[in-house]
Structure formats: C-alpha cells, structure tokens
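S.K.: File follows, run_2.txt with compact mmCIF, C-alpha atoms:
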# COMPACT_ATOMS: atom_id res chain seq x y z
CA MET A 1 1.83 15.14 -4.69
CA THR A 2 -1.33 13.08 -4.34
CA ALA A 3 -2.18 12.63 -0.68
CA LYS A 4 -5.90 13.34 -0.51
CA THR A 5 -8.11 11.05 1.50
CA LEU A 6 -11.89 10.52 1.47
CA PHE A 7 -12.08 11.06 5.21
CA PRO A 8 -14.08 14.22 6.13
CA LYS A 9 -11.35 16.55 7.39
CA LYS A 10 -13.54 18.55 9.80
CA ILE A 11 -14.54 15.43 11.76
CA ASP A 12 -11.02 14.76 13.06
CA PRO A 13 -8.19 16.92 11.62
CA SER A 14 -5.47 14.77 13.17
CA ARG A 15 -6.67 11.45 11.75
CA TYR A 16 -7.34 13.14 8.41
CA THR A 17 -3.65 14.09 8.36
CA VAL A 18 -2.60 10.56 9.32
CA TYR A 19 -4.56 9.18 6.36
CA GLU A 20 -3.01 11.77 4.04
CA THR A 21 0.37 10.60 5.32
CA LEU A 22 -0.41 6.95 4.63
CA ARG A 23 -1.53 7.75 1.09
CA TYR A 24 1.65 9.79 0.57
CA LEU A 25 3.92 6.97 1.82
CA GLY A 26 2.07 4.07 0.23
CA LYS A 27 3.67 4.01 -3.21
CA GLU A 28 7.30 3.87 -2.10
CA ASN A 29 6.46 1.36 0.64
CA ASN A 30 4.39 -0.99 -1.54
CA PHE A 31 1.00 -0.62 0.10
CA ASP A 32 -2.30 0.99 -0.85
CA LEU A 33 -4.72 2.97 1.27
CA VAL A 34 -8.15 1.43 0.68
CA GLU A 35 -11.09 3.61 1.74
CA LYS A 36 -14.88 3.48 1.90
CA LEU A 37 -17.09 6.47 2.71
CA THR A 38 -20.85 6.28 3.33
CA ASP A 39 -23.32 8.58 5.05
CA ASN A 40 -22.92 6.61 8.28
CA TYR A 41 -19.24 5.67 8.42
CA TYR A 42 -15.78 5.93 6.94
CA SER A 43 -13.51 2.86 6.82
CA MET A 44 -9.85 2.63 5.85
CA LYS A 45 -7.22 -0.07 5.71
CA THR A 46 -3.79 -0.62 4.26
CA LYS A 47 -3.34 -3.37 1.71
CA PRO A 48 -1.40 -5.42 2.54
CA SER A 49 -2.26 -4.87 6.19
CA ILE A 50 0.45 -3.20 8.30
CA HIS A 51 -1.12 -3.07 11.75
CA ALA A 52 -4.59 -2.76 13.32
CA LEU A 53 -3.68 0.86 14.14
CA PHE A 54 -4.05 1.57 10.41
CA ASN A 55 -7.33 -0.35 10.00
CA MET A 56 -9.83 2.16 11.33
CA THR A 57 -13.54 2.89 11.00
CA HIS A 58 -15.07 6.21 12.11
CA ILE A 59 -18.78 6.31 12.89
CA LEU A 60 -20.17 9.47 11.28
CA SER A 61 -23.86 9.19 12.13
CA ASN A 62 -26.13 7.88 14.86
CA ASN A 63 -28.03 6.12 12.05
CA PHE A 64 -25.25 3.53 11.89
CA ASP A 65 -26.95 0.12 12.13
CA GLU A 66 -26.49 -3.67 11.99
CA ASN A 67 -26.25 -3.66 8.21
CA ASP A 68 -23.43 -1.10 8.34
CA LEU A 69 -21.64 -3.25 10.87
CA LYS A 70 -21.90 -6.30 8.59
CA ASN A 71 -20.42 -4.29 5.73
CA ILE A 72 -17.52 -3.18 7.91
CA LEU A 73 -16.71 -6.76 8.94
CA LYS A 74 -16.75 -7.72 5.27
CA PHE A 75 -14.48 -4.76 4.41
CA TYR A 76 -11.75 -5.91 6.80
CA GLU A 77 -11.85 -9.53 5.65
CA GLY A 78 -10.91 -11.00 9.01
CA SER A 79 -8.10 -8.51 9.81
CA ASP A 80 -8.02 -6.76 13.19
CA PHE A 81 -9.47 -3.25 13.13
CA ARG A 82 -10.66 -0.45 15.37
CA VAL A 83 -13.89 1.55 15.49
CA LYS A 84 -13.85 5.16 16.65
CA VAL A 85 -17.06 6.81 17.88
CA SER A 86 -17.99 10.06 19.58
CA ALA A 87 -17.78 9.63 23.35
CA ASP A 88 -21.52 10.20 23.75
CA SER A 89 -22.65 8.20 20.70
CA PRO A 90 -25.57 5.76 21.16
CA VAL A 91 -23.82 3.53 18.60
CA GLU A 92 -21.67 2.34 21.50
CA ASP A 93 -24.57 0.12 22.67
CA LEU A 94 -24.75 -1.55 19.25
CA LEU A 95 -21.01 -2.26 19.31
CA LEU A 96 -21.09 -3.71 22.83
CA TYR A 97 -24.05 -5.91 21.91
CA ASN A 98 -22.08 -7.27 18.94
CA ASN A 99 -19.05 -8.45 20.90
CA PHE A 100 -16.94 -5.29 20.81
CA LYS A 101 -15.11 -3.90 23.83
CA GLN A 102 -13.68 -0.48 24.56
CA LYS A 103 -9.92 -0.09 24.06
CA GLY A 104 -8.36 2.40 26.47
CA GLY A 105 -10.10 5.44 27.87
CA ILE A 106 -11.65 8.54 26.38
CA CYS A 107 -9.45 10.40 23.88
CA ALA A 108 -9.73 13.89 22.46
CA ASP A 109 -9.17 15.33 19.01
CA MET A 110 -7.65 18.73 19.69
CA LYS A 111 -6.78 21.90 17.76
CA TYR A 112 -4.36 24.68 18.68
CA VAL A 113 -6.01 28.03 19.47
CA GLY A 114 -3.22 29.56 21.56
CA LYS A 115 -0.93 32.49 20.90
CA LYS A 116 1.56 32.74 18.07
CA LEU A 117 4.93 31.67 19.46
CA SER A 118 8.37 33.14 18.94
CA LYS A 119 11.75 31.43 19.10
CA SER A 120 12.23 32.91 22.58
CA ASP A 121 9.42 30.62 23.79
CA LEU A 122 11.67 27.61 23.19
CA VAL A 123 13.70 27.58 26.41
CA ILE A 124 16.28 24.79 26.57
CA ASN A 125 18.71 24.46 29.48
CA SER A 126 22.41 24.09 28.73
CA ASN A 127 22.41 20.40 29.65
CA LEU A 128 19.71 19.68 27.05
CA ASN A 129 20.04 19.29 23.30
CA LEU A 130 17.10 19.10 20.89
CA LYS A 131 17.96 17.33 17.65
CA LYS A 132 16.05 16.65 14.46
CA VAL A 133 16.14 12.94 13.61
CA SER A 134 18.58 12.85 10.71
CA ASP A 135 20.76 9.76 11.14
CA GLU A 136 20.52 6.14 12.24
CA LYS A 137 21.45 6.88 15.86
CA SER A 138 18.80 9.54 16.41
CA LEU A 139 16.26 7.36 14.57
CA LYS A 140 17.09 4.47 16.91
CA ASP A 141 16.75 6.77 19.93
CA TYR A 142 13.39 8.02 18.64
CA LYS A 143 12.02 4.49 18.36
CA PHE A 144 13.45 3.47 21.73
CA ILE A 145 11.59 6.30 23.47
CA LEU A 146 8.37 5.38 21.65
CA SER A 147 8.71 1.76 22.74
CA LYS A 148 9.25 2.72 26.38
CA GLY A 149 6.80 5.62 26.41
CA PHE A 150 3.97 3.55 24.91
CA ASN A 151 5.02 0.30 26.62
CA HIS A 152 5.55 -1.69 23.41
CA ASP A 153 8.36 -3.95 22.27
CA LEU A 154 10.67 -2.41 19.69
CA SER A 155 9.44 -5.00 17.19
CA ILE A 156 5.92 -3.55 17.47
CA ILE A 157 7.23 -0.01 16.96
CA GLU A 158 9.14 -1.20 13.88
CA LYS A 159 6.00 -2.80 12.48
CA ARG A 160 3.88 0.28 13.12
CA PHE A 161 6.32 2.99 12.10
CA GLY A 162 9.29 1.44 10.31
CA PHE A 163 7.99 2.47 6.89
CA PHE A 164 8.39 6.14 7.93
CA ASP A 165 12.18 5.78 8.28
CA LYS A 166 13.30 6.64 4.77
CA THR A 167 11.19 9.80 4.58
CA ILE A 168 12.19 10.99 8.06
CA LEU A 169 15.88 10.67 7.15
CA GLU A 170 15.56 12.60 3.87
CA SER A 171 17.23 15.98 4.41
CA THR A 172 14.87 17.79 2.01
CA ASN A 173 11.67 16.32 3.46
CA SER A 174 9.36 18.77 5.25
CA ARG A 175 6.26 16.58 5.39
CA ILE A 176 7.23 14.04 8.06
CA ASN A 177 9.85 14.81 10.69
CA ALA A 178 10.80 13.78 14.21
CA PHE A 179 12.83 15.27 17.05
CA VAL A 180 14.66 13.83 20.04
CA LEU A 181 15.53 15.72 23.23
CA TYR A 182 18.76 14.67 24.94
CA ASN A 183 19.82 15.28 28.53
CA GLY A 184 23.57 14.96 28.11
CA ASP A 185 23.98 11.76 26.11
CA ILE A 186 20.63 10.29 27.20
CA ALA A 187 17.62 10.48 24.87
CA VAL A 188 14.70 11.43 27.14
CA SER A 189 11.78 12.72 25.04
CA THR A 190 10.55 12.74 21.48
CA GLY A 191 7.84 13.90 19.11
CA SER A 192 7.10 14.07 15.41
CA TYR A 193 4.79 15.76 12.93
CA PHE A 194 2.90 15.10 9.70
CA ALA A 195 2.36 18.20 7.54
CA PHE A 196 -0.08 18.12 4.62
CA ASP A 197 -3.36 20.07 4.47
CA TYR A 198 -3.06 20.31 8.26
CA PHE A 199 -0.15 20.02 10.70
CA SER A 200 -0.54 17.14 13.16
CA SER A 201 1.73 16.61 16.16
CA GLU A 202 2.32 12.90 16.65
CA ASN A 203 3.98 10.38 18.98
CA ILE A 204 4.81 12.66 21.91
CA ALA A 205 6.58 10.50 24.49
CA THR A 206 8.97 10.85 27.43
CA LEU A 207 10.82 8.11 29.28
CA GLU A 208 8.99 7.38 32.54
CA GLU A 209 11.99 8.12 34.77
CA HIS A 210 12.38 11.56 33.17
CA ARG A 211 8.76 12.72 33.36
CA GLY A 212 7.91 15.80 35.39
CA ASN A 213 10.75 17.86 33.91
CA ARG A 214 8.60 19.56 31.23
CA TYR A 215 10.52 17.80 28.47
CA ALA A 216 7.31 17.13 26.54
CA SER A 217 6.52 20.85 26.71
CA ILE A 218 9.84 21.58 24.99
CA ILE A 219 8.98 19.08 22.26
CA MET A 220 5.50 20.55 21.82
CA THR A 221 6.85 24.10 21.63
CA LYS A 222 9.31 22.99 18.93
CA LEU A 223 6.51 21.36 16.94
CA LEU A 224 4.32 24.46 17.22
CA LEU A 225 7.20 26.62 15.98
CA GLU A 226 7.70 24.25 13.05
CA ALA A 227 4.01 24.55 12.16
CA GLN A 228 4.05 28.33 12.36
CA GLU A 229 7.25 28.60 10.32
CA GLN A 230 5.48 26.58 7.61
CA ASN A 231 2.45 28.91 7.87
CA TYR A 232 -0.05 26.29 9.00
CA LYS A 233 -3.34 27.67 10.33
CA THR A 234 -4.71 24.33 11.58
CA ILE A 235 -2.43 22.58 14.07
CA CYS A 236 -3.90 19.48 15.66
CA LEU A 237 -3.25 16.34 17.66
CA SER A 238 -4.98 13.37 19.25
CA ALA A 239 -4.66 13.14 23.03
CA GLU A 240 -5.24 10.31 25.46
CA GLU A 241 -7.36 11.10 28.49
CA GLY A 242 -4.40 11.72 30.80
CA GLY A 243 -2.88 14.31 28.49
CA ILE A 244 -5.96 16.40 27.64
CA ASN A 245 -5.49 18.98 30.42
CA THR A 246 -1.78 19.30 29.65
CA TYR A 247 -2.51 20.15 26.04
CA LYS A 248 -5.22 22.59 27.10
CA ARG A 249 -2.60 24.46 29.15
CA LEU A 250 -0.42 24.62 26.02
CA GLY A 251 -3.22 26.30 24.04
CA TYR A 252 -5.20 23.42 22.53
CA GLU A 253 -8.98 23.03 22.66
CA VAL A 254 -11.06 19.87 22.32
CA VAL A 255 -12.74 19.37 18.94
CA GLN A 256 -14.46 16.18 20.07
CA LYS A 257 -14.01 13.40 22.61
CA THR A 258 -14.01 9.83 21.35
CA LYS A 259 -13.91 6.18 22.34
CA THR A 260 -12.26 3.34 20.44
CA PHE A 261 -13.64 -0.20 20.22
CA ILE A 262 -12.19 -3.52 19.08
CA LEU A 263 -13.67 -6.99 18.73
CA LYS A 264 -13.28 -9.20 21.79
Take the structure in this file and express it as structure tokens.

M.R.:
Amino acid sequence: MTAKTLFPKKIDPSRYTVYETLRYLGKENNFDLVEKLTDNYYSMKTKPSIHALFNMTHILSNNFDENDLKNILKFYEGSDFRVKVSADSPVEDLLLYNNFKQKGGICADMKYVGKKLSKSDLVINSNLNLKKVSDEKSLKDYKFILSKGFNHDLSIIEKRFGFFDKTILESTNSRINAFVLYNGDIAVSTGSYFAFDYFSSENIATLEEHRGNRYASIIMTKLLLEAQEQNYKTICLSAEEGGINTYKRLGYEVVQKTKTFILK
C-alpha cells in the first residue's frame, strides 16, 4: 500500500490521515493527489478536482508572505480552495487584506488521551441498534444523516464522499469504515473512520431532532474501540467549535486551534 503524503503529520494528525486516505483511494477512483511542500506552507489538491474541501493549504510558518500567496493561487489554477491557519497566526491579516474571508468558526485538531476502553463501555439500549455500513441501505442512511447533520443537499454529500462507497462496502476493508445507529427502524446518528498511520474519527453527525440523547457518544465509543482493537496509539479528529468541549469530556485534548479562510 502506498498512502504516504508530504504533509507534516505532527502539525495536524487528522488532516494527515485524510490526505493518506485520498492518496489510497485515488488510483481506483481516477484522481491524483497533487502536493506541494515548502518551509512556509503545504498545499494539496485532487486532479481532477473533486470539491473545495479537498483543495487545502496549511500555513506552516509566520514567514508566509505575498509571494507564497501568489504561488498558491497559481497552484490551484482558478479552482476553489481553503487555507487553514493557526487561530493566533498573524498570517490572518495578510489573508484578509488579500480578499479572503473566514469560513466558519474556530476549529480544533484533537488527539485522544483518555483511558483505554473495554467493550462494557459501549452501552446500547435495547431499542437501539449499531450497524456497520455494509449494504446499499445502510450506506444510503449514512449519507442521509450526513446531509441533514451538516445541512447539505444529498448531491453535495455524493460529490464529496461518493468515491468512498466501494471501499466502505468491501467486507475485508479495515482502512475506511462507517457506522449507523438506529432507533428502531430510524437511522439517527453516524460516524466513520480512516485508519492508516493514525486513526482519525470522521463525519460524526446526529439528526437534529434526535440530539441530546448521547447518540454521538455511542458512535464515538464504538470508533475508539475500533481504534484500540487495531492497536492504534494515535487517535485523532477535527472538531468544530461547538463540539470541542464534548470531545474533551470523552478524553480528547486540543493539539491546536485553527481558522479556515476562503476567497470572497
């Protein structure tokens, strides 16, 4: 397996794992992961372009300057892209001056430092059923929850994540998997993972009308057990501002806080 990326893994373990995943999936899905690493920044894109979510630049140094910015614009060749910076980086002023705007709030790259779990920690009431995504129905339910949880049309979810489908449905695959939690016949919560050098929990979402029932905690416990069963030492995720304290209570600590910028 060749899934290595140029991205410095200690900067952001979760995004490092996402880029490993893209490199792993690229060949069978007819796209390449194109990367550029300098002292001041790392840029990546898929070719052909899939979505702006997968066109990302990380600022690695406060020495990032106008010339670096020109090179980034040239790298993306007119495609939409995102720039991720440390939340307290002075480079933010340079981006704002050059017609960028912040997208969303502060996010956190997080790493698990909590206790080792046992199967008894996964408590599921009798009316609930946690299933691995393994057929077309559960895959459809997984995408439906993502669309509602992240407030996107299903067509956007298909564009962003449709190329994961084949691998998720492979019974022997242990690299990329997803789970759906059902309350009776209703799919209520979901989550997935990417497992390469690190184990990254991804796409944790619960339908709005079912929030407050600790369904996401069940999903997270399942993902942590999966990571521990596969003997991963580094278990990570990327959290939006509203979820940071929740993940702290589950045993995660903040590696760094970041902001994301896009062109106006």

S.K.: How many Å lie between atom CA of A:Phe31 and atom CA of A:Glu170, rounded to one decimal?

M.R.: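 Taking atom CA of A:Phe31 as the start and atom CA of A:Glu170 as the end point, the length is 20.0 Å.
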
S.K.: Tell me which of A:Asn151, A:Asn213, A:Asn71, A:Asn231 sits closest to A:Leu128, counting all atoms listed in the file.

M.R.: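 Closest to A:Leu128 of all the choices is A:Asn213.
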
S.K.: Can you pull out the residues contacting A:Ile72? Cut-off 9 Å, using all atoms listed in the file, and skip same-chain residues under 4 positions away; I want them as a PDB file with C-alpha atoms, in the frame of the given file.

M.R.:
ATOM      1  CA  SER A  43     -13.510   2.860   6.820  1.00  0.00           C
ATOM      2  CA  THR A  57     -13.540   2.890  11.000  1.00  0.00           C
ATOM      3  CA  ASN A  67     -26.250  -3.660   8.210  1.00  0.00           C
ATOM      4  CA  ASP A  68     -23.430  -1.100   8.340  1.00  0.00           C
ATOM      5  CA  TYR A  76     -11.750  -5.910   6.800  1.00  0.00           C
ATOM      6  CA  GLU A  77     -11.850  -9.530   5.650  1.00  0.00           C
TER       7      GLU A  77
END

S.K.: For A:Gly105, which residue among A:Leu263, A:Cys236, A:Ala87, A:Ala195 is the nearest when counting all atoms listed in the file?

M.R.: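 Going through A:Leu263, A:Cys236, A:Ala87, A:Ala195 one by one, the smallest distance to A:Gly105 is for A:Ala87.
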
S.K.: Report as AutoDock Vina command-line options the centre and the edge lengths, in Å to one decimal, of the axis-aligned box holding every listed atom of stretch 43-60 of chain A, padded by 4 Å on each side.

M.R.:
--center_x -9.9 --center_y 2.0 --center_z 7.9 --size_x 28.6 --size_y 22.9 --size_z 20.4

S.K.: Please determine the residues with any atom at most 12 Å from (-22.5, 5.1, 22.0) (coordinates as given in the file, with all atoms listed in the file counting) and report them as an mmCIF file with C-alpha atoms, in the coordinates of the input.

M.R.:
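What landed in out-v7.cif:
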data_model
loop_
_atom_site.group_PDB
_atom_site.id
_atom_site.type_symbol
_atom_site.label_atom_id
_atom_site.label_comp_id
_atom_site.auth_asym_id
_atom_site.auth_seq_id
_atom_site.Cartn_x
_atom_site.Cartn_y
_atom_site.Cartn_z
ATOM 1 C CA ILE A 59 -18.780 6.310 12.890
ATOM 2 C CA LEU A 60 -20.170 9.470 11.280
ATOM 3 C CA SER A 61 -23.860 9.190 12.130
ATOM 4 C CA ASN A 62 -26.130 7.880 14.860
ATOM 5 C CA ASN A 63 -28.030 6.120 12.050
ATOM 6 C CA PHE A 64 -25.250 3.530 11.890
ATOM 7 C CA ASP A 65 -26.950 0.120 12.130
ATOM 8 C CA VAL A 83 -13.890 1.550 15.490
ATOM 9 C CA LYS A 84 -13.850 5.160 16.650
ATOM 10 C CA VAL A 85 -17.060 6.810 17.880
ATOM 11 C CA SER A 86 -17.990 10.060 19.580
ATOM 12 C CA ALA A 87 -17.780 9.630 23.350
ATOM 13 C CA ASP A 88 -21.520 10.200 23.750
ATOM 14 C CA SER A 89 -22.650 8.200 20.700
ATOM 15 C CA PRO A 90 -25.570 5.760 21.160
ATOM 16 C CA VAL A 91 -23.820 3.530 18.600
ATOM 17 C CA GLU A 92 -21.670 2.340 21.500
ATOM 18 C CA ASP A 93 -24.570 0.120 22.670
ATOM 19 C CA LEU A 94 -24.750 -1.550 19.250
ATOM 20 C CA LEU A 95 -21.010 -2.260 19.310
ATOM 21 C CA LEU A 96 -21.090 -3.710 22.830
ATOM 22 C CA TYR A 97 -24.050 -5.910 21.910
ATOM 23 C CA PHE A 100 -16.940 -5.290 20.810
ATOM 24 C CA LYS A 101 -15.110 -3.900 23.830
ATOM 25 C CA GLN A 102 -13.680 -0.480 24.560
ATOM 26 C CA LYS A 257 -14.010 13.400 22.610
ATOM 27 C CA THR A 258 -14.010 9.830 21.350
ATOM 28 C CA LYS A 259 -13.910 6.180 22.340
ATOM 29 C CA THR A 260 -12.260 3.340 20.440
ATOM 30 C CA PHE A 261 -13.640 -0.200 20.220
#

S.K.: Within 7 Å of (8.8, 4.0, 3.4), in the coordinates the file gives, what residues turn up when you count all atoms listed in the file, written out as JSON, numbers by chain?

M.R.: {"A": [25, 28, 29, 163, 164, 165, 166, 167]}

S.K.: Keeping only C-alpha atoms, write those residues as a PDB file, in the frame of the given file.

M.R.:
ATOM      1  CA  LEU A  25       3.920   6.970   1.820  1.00  0.00           C
ATOM      2  CA  GLU A  28       7.300   3.870  -2.100  1.00  0.00           C
ATOM      3  CA  ASN A  29       6.460   1.360   0.640  1.00  0.00           C
ATOM      4  CA  PHE A 163       7.990   2.470   6.890  1.00  0.00           C
ATOM      5  CA  PHE A 164       8.390   6.140   7.930  1.00  0.00           C
ATOM      6  CA  ASP A 165      12.180   5.780   8.280  1.00  0.00           C
ATOM      7  CA  LYS A 166      13.300   6.640   4.770  1.00  0.00           C
ATOM      8  CA  THR A 167      11.190   9.800   4.580  1.00  0.00           C
TER       9      THR A 167
END

S.K.: Which of these residues is nearest to A:Asn203, using all atoms listed in the file: A:Val18, A:Ile262, A:Leu37, A:Ala227?

M.R.: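 Distance minimum relative to A:Asn203 lands on A:Val18.
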
S.K.: Ranking A:Val188, A:Ala239, A:Phe161, A:Lys70 by minimum distance to A:Arg211 and counting all atoms listed in the file, which one comes first?

M.R.: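 Ranking A:Val188, A:Ala239, A:Phe161, A:Lys70 by distance to A:Arg211, first place goes to A:Val188.
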
S.K.: Please indicate the distance in Å from atom CA of A:Lys36 to atom CA of A:Ser14, rounded to one decimal place.

M.R.: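 Straight-line distance from atom CA of A:Lys36 to atom CA of A:Ser14 works out to 18.5 Å.
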
S.K.: Report, in Å with one decimal, the straight-line distance from atom CA of A:Leu237 to atom CA of A:Glu202.

M.R.: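 Interatomic distance here is 6.6 Å.
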
S.K.: Select, from A:Ile244, A:Met56, A:Ile235, A:Ile218, the residue with the minimum atom-to-atom distance to A:Ser120, counting only C-alpha atoms.

M.R.: A:Ile218

S.K.: Might you pull out every residue within 12 Å of A:Ile156, with only C-alpha atoms counted and same-chain residues fewer than 3 positions away left off, and present them as a compact mmCIF listing (two decimals) with C-alpha atoms, in the frame of the given file?

M.R.:
# COMPACT_ATOMS: atom_id res chain seq x y z
CA ILE A 50 0.45 -3.20 8.30
CA HIS A 51 -1.12 -3.07 11.75
CA ALA A 52 -4.59 -2.76 13.32
CA LEU A 53 -3.68 0.86 14.14
CA LYS A 143 12.02 4.49 18.36
CA PHE A 144 13.45 3.47 21.73
CA LEU A 146 8.37 5.38 21.65
CA SER A 147 8.71 1.76 22.74
CA LYS A 148 9.25 2.72 26.38
CA PHE A 150 3.97 3.55 24.91
CA ASN A 151 5.02 0.30 26.62
CA HIS A 152 5.55 -1.69 23.41
CA ASP A 153 8.36 -3.95 22.27
CA LYS A 159 6.00 -2.80 12.48
CA ARG A 160 3.88 0.28 13.12
CA PHE A 161 6.32 2.99 12.10
CA GLY A 162 9.29 1.44 10.31

S.K.: Using only C-alpha atoms, which of A:Lys137, A:Lys116, A:Lys103, A:Lys111 sits nearest A:Lys264?

M.R.: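 Closest to A:Lys264, using only C-alpha atoms: A:Lys103.
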